[in-house]
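Okay, run.pdb is below, PDB, C-alpha atoms, pLDDT in the B column:
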ATOM      1  CA  MET E   1      75.351  79.899  85.122  1.00 49.00           C
ATOM      2  CA  ALA E   2      78.191  81.763  86.762  1.00 63.00           C
ATOM      3  CA  GLY E   3      77.461  85.436  87.121  1.00 87.00           C
ATOM      4  CA  ILE E   4      73.720  85.163  86.511  1.00 92.00           C
ATOM      5  CA  THR E   5      71.755  86.416  89.476  1.00 94.00           C
ATOM      6  CA  LEU E   6      68.167  85.603  90.324  1.00 95.00           C
ATOM      7  CA  GLU E   7      67.244  89.207  89.503  1.00 96.00           C
ATOM      8  CA  THR E   8      68.878  88.955  86.064  1.00 96.00           C
ATOM      9  CA  ALA E   9      67.129  85.672  85.326  1.00 96.00           C
ATOM     10  CA  GLN E  10      63.762  87.107  86.398  1.00 96.00           C
ATOM     11  CA  ALA E  11      64.314  90.191  84.226  1.00 95.00           C
ATOM     12  CA  GLN E  12      65.148  88.020  81.218  1.00 95.00           C
ATOM     13  CA  LEU E  13      62.093  85.843  81.814  1.00 95.00           C
ATOM     14  CA  THR E  14      59.918  88.972  81.983  1.00 94.00           C
ATOM     15  CA  LEU E  15      61.336  90.195  78.659  1.00 92.00           C
ATOM     16  CA  TYR E  16      60.654  86.857  76.980  1.00 92.00           C
ATOM     17  CA  LEU E  17      57.110  86.739  78.345  1.00 92.00           C
ATOM     18  CA  SER E  18      56.517  90.257  77.037  1.00 90.00           C
ATOM     19  CA  ALA E  19      57.890  89.307  73.623  1.00 88.00           C
ATOM     20  CA  GLU E  20      55.614  86.269  73.511  1.00 88.00           C
ATOM     21  CA  ALA E  21      52.578  88.434  74.303  1.00 89.00           C
ATOM     22  CA  LYS E  22      53.492  90.850  71.497  1.00 84.00           C
ATOM     23  CA  VAL E  23      53.919  88.063  68.955  1.00 84.00           C
ATOM     24  CA  LEU E  24      50.688  86.394  70.020  1.00 85.00           C
ATOM     25  CA  SER E  25      48.819  89.689  69.643  1.00 85.00           C
ATOM     26  CA  GLY E  26      49.745  89.900  65.982  1.00 80.00           C
ATOM     27  CA  GLN E  27      53.269  91.077  65.385  1.00 74.00           C
ATOM     28  CA  SER E  28      53.113  90.012  61.752  1.00 74.00           C
ATOM     29  CA  TYR E  29      51.859  91.696  58.617  1.00 73.00           C
ATOM     30  CA  GLU E  30      51.227  91.113  54.924  1.00 77.00           C
ATOM     31  CA  ILE E  31      52.415  93.160  51.969  1.00 76.00           C
ATOM     32  CA  ALA E  32      51.522  92.232  48.410  1.00 81.00           C
ATOM     33  CA  GLY E  33      50.555  88.718  49.442  1.00 85.00           C
ATOM     34  CA  ARG E  34      53.784  88.039  51.341  1.00 86.00           C
ATOM     35  CA  LYS E  35      53.583  87.462  55.072  1.00 83.00           C
ATOM     36  CA  TRP E  36      56.259  88.948  57.335  1.00 77.00           C
ATOM     37  CA  THR E  37      56.827  88.073  60.979  1.00 76.00           C
ATOM     38  CA  ARG E  38      59.066  90.131  63.226  1.00 76.00           C
ATOM     39  CA  ALA E  39      59.890  87.387  65.706  1.00 79.00           C
ATOM     40  CA  ASN E  40      59.977  83.613  65.898  1.00 85.00           C
ATOM     41  CA  LEU E  41      57.467  82.346  68.485  1.00 87.00           C
ATOM     42  CA  ALA E  42      59.219  78.970  68.870  1.00 90.00           C
ATOM     43  CA  GLU E  43      62.517  80.678  69.723  1.00 92.00           C
ATOM     44  CA  ILE E  44      60.785  82.968  72.201  1.00 91.00           C
ATOM     45  CA  GLN E  45      59.075  80.029  73.897  1.00 93.00           C
ATOM     46  CA  ALA E  46      62.402  78.182  74.103  1.00 95.00           C
ATOM     47  CA  GLY E  47      63.841  81.275  75.798  1.00 94.00           C
ATOM     48  CA  ILE E  48      60.928  81.305  78.235  1.00 94.00           C
ATOM     49  CA  ASP E  49      61.628  77.668  79.143  1.00 96.00           C
ATOM     50  CA  LEU E  50      65.342  78.367  79.565  1.00 96.00           C
ATOM     51  CA  TRP E  51      64.891  81.439  81.779  1.00 96.00           C
ATOM     52  CA  ASN E  52      62.048  79.888  83.753  1.00 96.00           C
ATOM     53  CA  ASN E  53      64.308  76.932  84.604  1.00 97.00           C
ATOM     54  CA  ARG E  54      67.131  79.280  85.616  1.00 96.00           C
ATOM     55  CA  VAL E  55      64.790  81.271  87.858  1.00 96.00           C
ATOM     56  CA  LYS E  56      63.647  78.017  89.503  1.00 96.00           C
ATOM     57  CA  GLN E  57      67.239  76.822  90.028  1.00 94.00           C
ATOM     58  CA  LEU E  58      68.423  80.132  91.450  1.00 94.00           C
ATOM     59  CA  THR E  59      65.362  80.378  93.694  1.00 94.00           C
ATOM     60  CA  GLU E  60      66.038  76.899  95.061  1.00 92.00           C
ATOM     61  CA  ARG E  61      69.697  77.755  95.690  1.00 90.00           C
ATOM     62  CA  ALA E  62      68.712  80.950  97.479  1.00 88.00           C
ATOM     63  CA  ALA E  63      66.362  78.924  99.689  1.00 89.00           C
ATOM     64  CA  GLY E  64      69.134  76.395 100.442  1.00 86.00           C
ATOM     65  CA  ARG E  65      67.575  73.654  98.361  1.00 73.00           C
ATOM     66  CA  GLY E  66      70.342  73.100  95.822  1.00 59.00           C
ATOM     67  CA  ARG E  67      71.124  69.774  94.282  1.00 60.00           C
ATOM     68  CA  ALA E  68      69.978  66.716  96.162  1.00 60.00           C
ATOM     69  CA  ARG E  69      72.784  64.700  97.684  1.00 61.00           C
ATOM     70  CA  THR E  70      72.827  61.215  99.115  1.00 64.00           C
ATOM     71  CA  VAL E  71      75.028  60.553 102.103  1.00 65.00           C
ATOM     72  CA  VAL E  72      75.860  56.995 103.032  1.00 72.00           C
ATOM     73  CA  VAL E  73      77.276  56.461 106.495  1.00 76.00           C
ATOM     74  CA  ALA E  74      79.470  53.384 106.760  1.00 75.00           C
ATOM     75  CA  GLY E  75      79.205  51.752 110.058  1.00 61.00           C
TER      76      GLY E  75
END

For the file at hand, write its structure as structure tokens.
Amino acid sequence: MAGITLETAQAQLTLYLSAEAKVLSGQSYEIAGRKWTRANLAEIQAGIDLWNNRVKQLTERAAGRGRARTVVVAG
């Protein structure tokens, strides 16, 4: 994820959510009995999952809650 900022990830997530809304509101049509769809809902939803996870990870890093680590003190 090098180079991807929280702002970039949030912007991408917003775009994917907008695309999903457009597809769900009927971004398909029929001509002469053949159905055409402009976008693939499954791919859009996979993008939403991907960008939502990146936003969560970057938010946690920004708050200082990165990966969990276990420290064992020998004594």

When distances are computed from only C-alpha atoms, which of E:Ser18, E:Gln12, E:Ser28, E:Thr5 shows the smallest separation from Leu50 (chain E)?
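Comparing E:Ser18, E:Gln12, E:Ser28, E:Thr5 against Leu50 (chain E), the winner is E:Gln12.
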
When distances are computed from all atoms listed in the file, which of E:Leu15, E:Glu20, E:Asn52, E:Ala74 shows the smallest separation from Arg38 (chain E)?
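Among the listed residues, E:Glu20 lies closest to Arg38 (chain E).
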
Would you mind reading off the distance between CA of Trp51 (chain E) and CA of Tyr16 (chain E), one decimal, in Å?
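Between these atoms lies a distance of 8.4 Å.
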
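Take CA of Ala46 (chain E) and CA of Thr59 (chain E): the distance between them is 19.9 Å.
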
Starting from the PyMOL selection byres ((chain E and resi 56) around 12), expand the selection into actual residues of this file and give them as a ChimeraX atom specification.
/E:5-7,9-10,13,49-55,57-63,65-66

Which value, in Å to one decimal, gives the distance between CA of Gly47 (chain E) and CA of Leu17 (chain E)?
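For CA of Gly47 (chain E) relative to CA of Leu17 (chain E), the distance reads 9.0 Å.
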